[in-house]
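A.B. asks: Take a look at structure.tsv, TSV, C-alpha atoms (C1' of nucleotides):
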```tsv
chain	number	residue	atom	x	y	z
A	247	MET	CA	-1.20	-14.75	-6.95
A	248	ASP	CA	-4.04	-12.90	-8.65
A	249	GLU	CA	-4.34	-9.16	-8.95
A	250	ARG	CA	-6.79	-8.75	-6.13
A	251	GLN	CA	-4.49	-10.53	-3.74
A	252	ALA	CA	-1.48	-8.59	-4.99
A	253	LEU	CA	-3.25	-5.30	-4.29
A	254	ILE	CA	-3.92	-6.40	-0.73
A	255	ALA	CA	-0.35	-7.61	-0.32
A	256	PHE	CA	1.10	-4.34	-1.56
A	257	GLY	CA	-1.13	-2.52	0.89
A	258	ALA	CA	0.08	-4.77	3.67
A	259	LEU	CA	3.72	-4.05	2.87
A	260	SER	CA	3.18	-0.31	2.69
A	261	GLN	CA	3.12	0.12	6.45
A	262	GLU	CA	6.28	0.30	8.50
A	263	THR	CA	5.21	-1.82	11.46
A	264	ARG	CA	3.93	-4.53	9.16
A	265	LEU	CA	7.09	-4.55	7.09
A	266	ARG	CA	9.11	-4.97	10.26
A	267	LEU	CA	6.85	-7.78	11.48
A	268	LEU	CA	7.17	-9.59	8.19
A	269	ARG	CA	10.93	-9.29	8.18
A	270	LEU	CA	11.18	-10.75	11.65
A	271	LEU	CA	8.95	-13.62	10.57
A	272	VAL	CA	10.93	-14.26	7.41
A	273	VAL	CA	14.21	-14.65	9.26
A	274	ALA	CA	12.52	-16.71	11.95
A	275	GLY	CA	11.51	-19.29	9.38
A	276	PRO	CA	8.82	-21.96	9.73
A	277	GLN	CA	9.23	-22.05	13.48
A	278	GLY	CA	7.54	-18.65	13.69
A	279	ILE	CA	7.26	-16.11	16.50
A	280	ALA	CA	4.53	-15.60	19.08
A	281	ALA	CA	2.43	-12.45	18.88
A	282	GLY	CA	3.62	-11.21	22.24
A	283	SER	CA	7.24	-11.60	21.33
A	284	LEU	CA	6.62	-9.74	18.08
A	285	ALA	CA	4.96	-6.94	20.02
A	286	GLU	CA	8.04	-6.59	22.22
A	287	GLN	CA	10.44	-6.65	19.32
A	288	VAL	CA	8.68	-4.01	17.27
A	289	GLU	CA	7.72	-2.05	20.38
A	290	VAL	CA	4.06	-1.55	19.75
A	291	SER	CA	1.07	-2.51	21.89
A	292	PRO	CA	-0.27	-6.07	21.72
A	293	SER	CA	-3.57	-4.91	20.33
A	294	ASN	CA	-1.90	-2.89	17.65
A	295	VAL	CA	0.38	-5.76	16.67
A	296	SER	CA	-2.66	-7.98	16.51
A	297	PHE	CA	-4.31	-5.51	14.17
A	298	HIS	CA	-1.33	-5.49	11.83
A	299	LEU	CA	-0.84	-9.25	11.94
A	300	LYS	CA	-4.46	-9.64	10.89
A	301	GLU	CA	-3.77	-7.45	7.93
A	302	LEU	CA	-0.70	-9.49	6.96
A	303	GLU	CA	-2.80	-12.61	7.34
A	304	ARG	CA	-5.52	-11.19	5.13
A	305	ALA	CA	-2.85	-10.53	2.53
A	306	GLY	CA	-1.82	-14.18	2.80
A	307	LEU	CA	1.70	-13.21	3.80
A	308	VAL	CA	1.59	-14.88	7.22
A	309	THR	CA	-0.31	-17.67	8.92
A	310	ALA	CA	-1.21	-18.17	12.55
A	311	ARG	CA	-1.31	-21.26	14.70
A	312	ARG	CA	-2.00	-21.68	18.36
A	313	ASP	CA	0.71	-23.09	20.59
A	314	ALA	CA	-0.54	-23.37	24.15
A	315	ARG	CA	-1.39	-19.87	25.30
A	316	SER	CA	0.50	-18.21	22.51
A	317	ILE	CA	-0.47	-17.60	18.94
A	318	VAL	CA	2.50	-18.17	16.73
A	319	TYR	CA	2.83	-16.45	13.40
A	320	SER	CA	5.02	-17.47	10.53
A	321	ALA	CA	5.79	-16.08	7.10
A	322	GLU	CA	4.19	-17.64	4.06
A	323	TYR	CA	7.12	-18.04	1.75
A	324	ASP	CA	4.92	-19.04	-1.15
A	325	ALA	CA	2.98	-15.82	-0.96
A	326	LEU	CA	6.17	-13.80	-0.95
A	327	SER	CA	7.46	-15.70	-3.95
A	328	GLY	CA	4.14	-15.18	-5.62
A	329	LEU	CA	4.28	-11.47	-5.04
A	330	ILE	CA	7.79	-11.17	-6.45
A	331	ARG	CA	6.66	-13.17	-9.39
A	332	PHE	CA	3.61	-10.98	-9.85
A	333	LEU	CA	5.85	-7.95	-10.02
A	334	MET	CA	8.15	-9.66	-12.47
A	335	GLU	CA	5.80	-11.16	-14.96
A	336	ASP	CA	2.49	-9.45	-14.59
A	337	CYS	CA	3.65	-6.01	-13.82
A	338	CYS	CA	6.81	-5.93	-15.87
A	339	SER	CA	4.94	-7.45	-18.76
A	340	GLY	CA	7.77	-9.33	-20.31
A	341	ARG	CA	10.37	-6.61	-20.27
A	342	PRO	CA	13.61	-8.31	-19.37
A	343	GLU	CA	15.26	-4.94	-18.88
A	344	ILE	CA	13.22	-4.63	-15.71
A	345	CYS	CA	13.70	-8.11	-14.36
A	346	ALA	CA	17.31	-8.55	-15.31
A	347	PRO	CA	18.81	-6.09	-12.83
A	348	ALA	CA	16.73	-7.58	-10.06
A	349	LEU	CA	18.28	-10.94	-10.70
A	350	ALA	CA	21.60	-9.54	-9.58
A	351	ALA	CA	20.29	-9.70	-6.01
A	352	PRO	CA	22.90	-11.62	-4.03
A	353	CYS	CA	20.44	-14.00	-2.44
A	354	CYS	CA	19.27	-15.11	-5.81
A	355	ARG	CA	22.35	-15.71	-7.83
A	356	PRO	CA	22.76	-19.43	-8.08
A	357	GLY	CA	25.58	-20.73	-5.98
A	358	GLU	CA	25.82	-17.64	-3.84
A	359	GLY	CA	23.20	-18.29	-1.23
A	360	ILE	CA	22.72	-16.09	1.76
A	361	ARG	CA	23.00	-12.34	1.86
A	362	GLN	CA	25.25	-10.48	4.28
B	42	MET	CA	15.93	1.54	-3.13
B	43	ASP	CA	15.84	2.30	0.59
B	44	GLU	CA	13.11	1.24	2.95
B	45	ARG	CA	11.36	4.58	3.01
B	46	GLN	CA	11.06	4.59	-0.75
B	47	ALA	CA	9.93	0.97	-0.79
B	48	LEU	CA	7.12	1.75	1.66
B	49	ILE	CA	5.90	4.54	-0.60
B	50	ALA	CA	6.19	2.32	-3.66
B	51	PHE	CA	4.19	-0.48	-2.05
B	52	GLY	CA	1.54	2.06	-1.15
B	53	ALA	CA	1.49	3.29	-4.72
B	54	LEU	CA	0.98	-0.22	-6.06
B	55	SER	CA	-1.80	-1.00	-3.60
B	56	GLN	CA	-4.41	0.96	-5.54
B	57	GLU	CA	-6.15	-0.49	-8.55
B	58	THR	CA	-6.15	2.58	-10.77
B	59	ARG	CA	-2.48	3.15	-10.12
B	60	LEU	CA	-1.57	-0.45	-10.84
B	61	ARG	CA	-3.40	-0.19	-14.15
B	62	LEU	CA	-1.67	3.06	-14.99
B	63	LEU	CA	1.72	1.59	-14.24
B	64	ARG	CA	1.05	-1.47	-16.35
B	65	LEU	CA	0.06	0.65	-19.32
B	66	LEU	CA	3.24	2.67	-18.90
B	67	VAL	CA	5.42	-0.41	-18.59
B	68	VAL	CA	4.22	-1.87	-21.86
B	69	ALA	CA	4.41	1.53	-23.53
B	70	GLY	CA	8.11	1.71	-22.83
B	71	PRO	CA	10.32	4.80	-22.83
B	72	GLN	CA	8.08	6.53	-25.32
B	73	GLY	CA	5.47	6.97	-22.59
B	74	ILE	CA	1.81	7.95	-22.69
B	75	ALA	CA	0.17	11.35	-22.28
B	76	ALA	CA	-1.93	11.96	-19.17
B	77	GLY	CA	-5.09	12.47	-21.19
B	78	SER	CA	-4.66	9.22	-23.06
B	79	LEU	CA	-4.07	7.41	-19.78
B	80	ALA	CA	-7.26	8.91	-18.39
B	81	GLU	CA	-9.22	7.58	-21.35
B	82	GLN	CA	-7.70	4.14	-21.15
B	83	VAL	CA	-8.33	3.64	-17.45
B	84	GLU	CA	-11.64	5.48	-17.63
B	85	VAL	CA	-11.23	7.88	-14.78
B	86	SER	CA	-11.42	11.66	-14.76
B	87	PRO	CA	-8.35	13.70	-15.78
B	88	SER	CA	-8.05	15.21	-12.34
B	89	ASN	CA	-8.21	11.84	-10.68
B	90	VAL	CA	-5.62	10.37	-13.03
B	91	SER	CA	-3.42	13.34	-12.31
B	92	PHE	CA	-3.75	12.66	-8.61
B	93	HIS	CA	-2.71	9.03	-9.01
B	94	LEU	CA	0.13	9.84	-11.41
B	95	LYS	CA	1.50	12.23	-8.82
B	96	GLU	CA	1.48	9.41	-6.31
B	97	LEU	CA	3.31	7.10	-8.71
B	98	GLU	CA	5.78	9.87	-9.34
B	99	ARG	CA	6.32	10.40	-5.64
B	100	ALA	CA	7.07	6.70	-5.39
B	101	GLY	CA	9.65	7.13	-8.14
B	102	LEU	CA	7.86	4.60	-10.33
B	103	VAL	CA	7.12	7.02	-13.17
B	104	THR	CA	8.51	10.27	-14.52
B	105	ALA	CA	6.82	13.10	-16.35
B	106	ARG	CA	7.98	15.27	-19.22
B	107	ARG	CA	6.18	17.91	-21.17
B	108	ASP	CA	5.62	17.40	-24.87
B	109	ALA	CA	3.85	20.39	-26.35
B	110	ARG	CA	0.52	20.65	-24.60
B	111	SER	CA	0.64	17.15	-23.24
B	112	ILE	CA	2.41	15.81	-20.24
B	113	VAL	CA	3.86	12.44	-21.05
B	114	TYR	CA	4.48	9.87	-18.36
B	115	SER	CA	6.76	6.89	-18.57
B	116	ALA	CA	7.65	4.03	-16.29
B	117	GLU	CA	10.90	4.09	-14.37
B	118	TYR	CA	12.26	0.66	-15.02
B	119	ASP	CA	15.09	1.12	-12.55
B	120	ALA	CA	12.65	1.80	-9.74
B	121	LEU	CA	10.68	-1.32	-10.58
B	122	SER	CA	13.85	-3.39	-10.64
B	123	GLY	CA	14.84	-1.83	-7.38
B	124	LEU	CA	11.54	-2.73	-5.79
B	125	ILE	CA	11.75	-6.34	-6.94
B	126	ARG	CA	15.26	-6.46	-5.63
B	127	PHE	CA	14.15	-4.96	-2.33
B	128	LEU	CA	11.61	-7.72	-1.95
B	129	MET	CA	14.16	-10.34	-2.82
B	130	GLU	CA	17.14	-9.39	-0.76
B	131	ASP	CA	15.95	-7.09	1.95
B	132	CYS	CA	12.65	-8.63	2.66
B	133	CYS	CA	13.48	-12.24	1.97
B	134	SER	CA	16.65	-11.88	3.99
B	135	GLY	CA	18.71	-14.38	2.15
B	136	ARG	CA	16.24	-17.21	2.03
B	137	PRO	CA	16.65	-18.78	-1.39
B	138	GLU	CA	13.51	-20.82	-0.85
B	139	ILE	CA	11.59	-17.58	-1.30
B	140	CYS	CA	13.43	-16.19	-4.26
B	141	ALA	CA	13.94	-19.42	-6.13
B	142	PRO	CA	10.30	-19.99	-7.16
B	143	ALA	CA	10.05	-16.39	-8.31
B	144	LEU	CA	12.91	-16.96	-10.69
B	145	ALA	CA	10.73	-19.37	-12.60
B	146	ALA	CA	8.88	-16.36	-13.99
B	147	PRO	CA	8.85	-16.77	-17.76
B	148	CYS	CA	10.05	-13.28	-18.52
B	149	CYS	CA	13.10	-13.77	-16.43
B	150	ARG	CA	14.51	-17.10	-17.42
B	151	PRO	CA	17.55	-16.37	-19.53
B	152	GLY	CA	16.95	-17.11	-23.19
B	153	GLU	CA	13.19	-17.07	-22.92
B	154	GLY	CA	12.40	-13.43	-23.22
B	155	ILE	CA	8.90	-12.09	-23.51
B	156	ARG	CA	5.85	-13.44	-21.75
B	157	GLN	CA	2.63	-14.34	-23.53
C	119	DT	C1'	-3.34	38.77	-28.48
C	120	DC	C1'	-6.82	35.65	-27.73
C	121	DC	C1'	-8.91	31.28	-27.49
C	122	DA	C1'	-9.01	26.38	-27.02
C	123	DC	C1'	-6.69	22.52	-25.28
C	124	DG	C1'	-4.43	19.41	-21.92
C	125	DT	C1'	-3.37	19.15	-17.44
C	126	DT	C1'	-2.88	20.36	-12.67
C	127	DT	C1'	-4.34	22.46	-8.35
C	128	DC	C1'	-7.52	23.35	-4.91
C	129	DA	C1'	-11.23	22.81	-1.53
C	130	DA	C1'	-14.65	19.98	0.14
C	131	DT	C1'	-16.46	15.59	1.11
C	132	DA	C1'	-16.30	10.67	1.52
C	133	DA	C1'	-13.90	6.64	2.50
C	134	DT	C1'	-10.31	4.06	4.43
C	135	DC	C1'	-6.75	3.18	7.66
C	136	DC	C1'	-4.30	3.59	12.15
C	137	DT	C1'	-4.09	3.97	17.11
C	138	DT	C1'	-5.72	3.51	21.75
C	139	DG	C1'	-7.51	1.47	25.79
C	140	DA	C1'	-11.03	-1.30	27.72
C	141	DA	C1'	-13.51	-5.46	27.61
C	142	DA	C1'	-13.95	-10.19	25.91
C	143	DT	C1'	-11.96	-14.79	24.53
C	144	DG	C1'	-9.60	-18.91	25.10
C	145	DT	C1'	-5.79	-21.45	27.69
C	146	DT	C1'	-3.07	-23.20	31.38
C	147	DG	C1'	-1.75	-24.40	36.02
C	148	DA	C1'	-2.98	-24.33	40.93
D	43	DT	C1'	-13.14	-23.95	39.50
D	44	DC	C1'	-10.47	-19.97	39.70
D	45	DA	C1'	-6.92	-16.77	38.63
D	46	DA	C1'	-3.37	-15.30	35.63
D	47	DC	C1'	-1.79	-15.11	31.07
D	48	DA	C1'	-1.64	-14.29	25.88
D	49	DT	C1'	-4.13	-12.53	22.56
D	50	DT	C1'	-8.05	-10.67	20.10
D	51	DT	C1'	-12.11	-7.79	19.54
D	52	DC	C1'	-14.53	-3.67	19.84
D	53	DA	C1'	-15.65	1.24	19.76
D	54	DA	C1'	-14.05	5.72	19.43
D	55	DG	C1'	-11.13	9.12	17.65
D	56	DG	C1'	-7.56	10.87	14.76
D	57	DA	C1'	-4.99	10.68	10.51
D	58	DT	C1'	-4.39	9.69	5.92
D	59	DT	C1'	-6.07	8.78	1.28
D	60	DA	C1'	-9.53	8.94	-2.58
D	61	DT	C1'	-12.98	11.30	-5.31
D	62	DT	C1'	-15.29	15.20	-7.30
D	63	DG	C1'	-15.96	19.42	-9.78
D	64	DA	C1'	-14.54	24.04	-10.38
D	65	DA	C1'	-10.91	27.14	-11.09
D	66	DA	C1'	-6.12	28.07	-12.49
D	67	DC	C1'	-2.03	27.22	-15.31
D	68	DG	C1'	0.90	26.72	-19.31
D	69	DT	C1'	1.05	25.87	-24.35
D	70	DG	C1'	0.21	26.31	-29.24
D	71	DG	C1'	-2.31	27.97	-33.15
D	72	DA	C1'	-5.26	31.53	-35.34
```
Using the file provided, produce a representation of the structure as structure tokens.
C.D. replies:
Amino acid sequence: MDERQALIAFGALSQETRLRLLRLLVVAGPQGIAAGSLAEQVEVSPSNVSFHLKELERAGLVTARRDARSIVYSAEYDALSGLIRFLMEDCCSGRPEICAPALAAPCCRPGEGIRQ
Amino acid sequence: MDERQALIAFGALSQETRLRLLRLLVVAGPQGIAAGSLAEQVEVSPSNVSFHLKELERAGLVTARRDARSIVYSAEYDALSGLIRFLMEDCCSGRPEICAPALAAPCCRPGEGIRQ
DNA sequence: TCCACGTTTCAATAATCCTTGAAATGTTGA
DNA sequence: TCAACATTTCAAGGATTATTGAAACGTGGA
């Protein structure tokens, strides 16, 4: 992930509806969720959800595929990893005192697995 | 770091000048850098730098202290850790396949220390 | 006390982003 | 082919954010 892309990704995550969309897509996994279903779940209009999904797509955080009449979105795990990594190494500039506490995140401690 | 704060922080990081300011402050460490010096280094006007520093401060990513005539800013490492952690556990929702690749970041592998 | 310095605040403008609803697109089944 | 469906696109308006320069503020030294 280069800086330009990271800037766009941070912008994408800075909006509540988009953050909620992304979270739904992350837990949904590779199977993804159709745009209409996303619109229902986050309770915003289809056209507005479409607008925000486009923005997430531009940031590389989600991808779209057509499935019959629906357009199914799914999270791009690589982009998310890349963004975390950008924060860690590029932004934190080799200061372990920043990264170290983050590594205590339950989902990331080896052998612990899933959160909650 | 709660969601509200994370949204503000992502917004703060989504602007080029602010990202550059934060990076300078991260490498500067607890000693910090005066506003005027930051303005020179990023080559924007004092009033504009002040505007962006305020935004970073609102996001909790930096703090300010007065030192004689200068106002010295420094990075809030805890907030950065918190943001990384937010991405990992809240956003990635317990999917190790997202976090795992991020852990390969050089600065974060135990025993490796500083990047570059 | 007064002046110069470093910084912030303010007001105005420009730029970007978000929301809305209507119209357009592509898809499926009858 | 036609109608209904799922979604996107577009244009318009409102809201937020960024930039600029001038004025105000607090500080330290003469």
A.B. asks: Determine which residues of chain C sit within 9 Å of chain B, taking into account only C-alpha atoms (C1' of nucleotides), and present them as a PyMOL selection string.
C.D. replies: chain C and resi 123-126
A.B. asks: Show which residues sit within 8 Å of Phe256 (chain A), as a CSV table (one decimal) with C-alpha atoms, keeping the file's coordinate frame. Count all atoms listed in the file, and ignore same-chain residues fewer than 5 positions away.
C.D. replies:
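File out.csv, as written:
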```csv
chain,number,residue,atom,x,y,z
B,51,PHE,CA,4.2,-0.5,-2.0
B,52,GLY,CA,1.5,2.1,-1.2
B,54,LEU,CA,1.0,-0.2,-6.1
B,55,SER,CA,-1.8,-1.0,-3.6
```
A.B. asks: Here's a test: counting all atoms listed in the file, identify every protein, DNA and RNA residue with an atom at most 12 Å from (-0.1, 2.1, -11.9) in the file's coordinate frame, and state them as number ranges by chain.
C.D. replies: A: 253, 333, 337-338; B: 50-68, 79-80, 83, 90-98, 100-103, 114-117, 121
A.B. asks: May I ask for the distance between CA of Glu289 (chain A) and C1' of DC136 (chain C), given in Å to one decimal place?
C.D. replies: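 Spanning CA of Glu289 (chain A) to C1' of DC136 (chain C) is a straight-line distance of 15.6 Å.
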A.B. asks: Hey, which of B:Ile49, B:Asp108, B:Ala69, B:Glu81 ends up closest to chain D? Count all atoms listed in the file.
C.D. replies: B:Asp108
A.B. asks: Using all atoms listed in the file and a cut-off of 8 Å, which residues of chain D sit close to chain B? Please list them as an MDAnalysis selection string.
C.D. replies: chainID D and resid 61 69:70
A.B. asks: Kindly give the distance, in Å, that separates CA of Ala105 (chain B) and CA of Asp43 (chain B), rounded to a single decimal.
C.D. replies: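 Going from CA of Ala105 (chain B) over to CA of Asp43 (chain B), I get 22.0 Å.
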A.B. asks: So that I can see what lies close to DA65 (chain D), please list as a ChimeraX atom specification the residues with an atom at most 12 Å from it, counting all atoms listed in the file and leaving out residues fewer than 4 positions away in the same chain.
C.D. replies: /C:126-129
A.B. asks: Quick one: pull the distance between C1' of DA132 (chain C) and C1' of DA54 (chain D), Å, one decimal.
C.D. replies: 18.7 Å
A.B. asks: Taking only C-alpha atoms into account, name the residue in B:Gly73, B:Ala47, B:Arg99, B:Met42 that is nearest to chain A.
C.D. replies: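 Ranking B:Gly73, B:Ala47, B:Arg99, B:Met42 by distance to chain A, first place goes to B:Ala47.
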A.B. asks: Quick one: residues within 9 Å of DT143 (chain C), only C-alpha atoms (C1' of nucleotides) counted, chain neighbours fewer than 5 positions away excluded, as a ChimeraX atom specification?
C.D. replies: /D:49-51
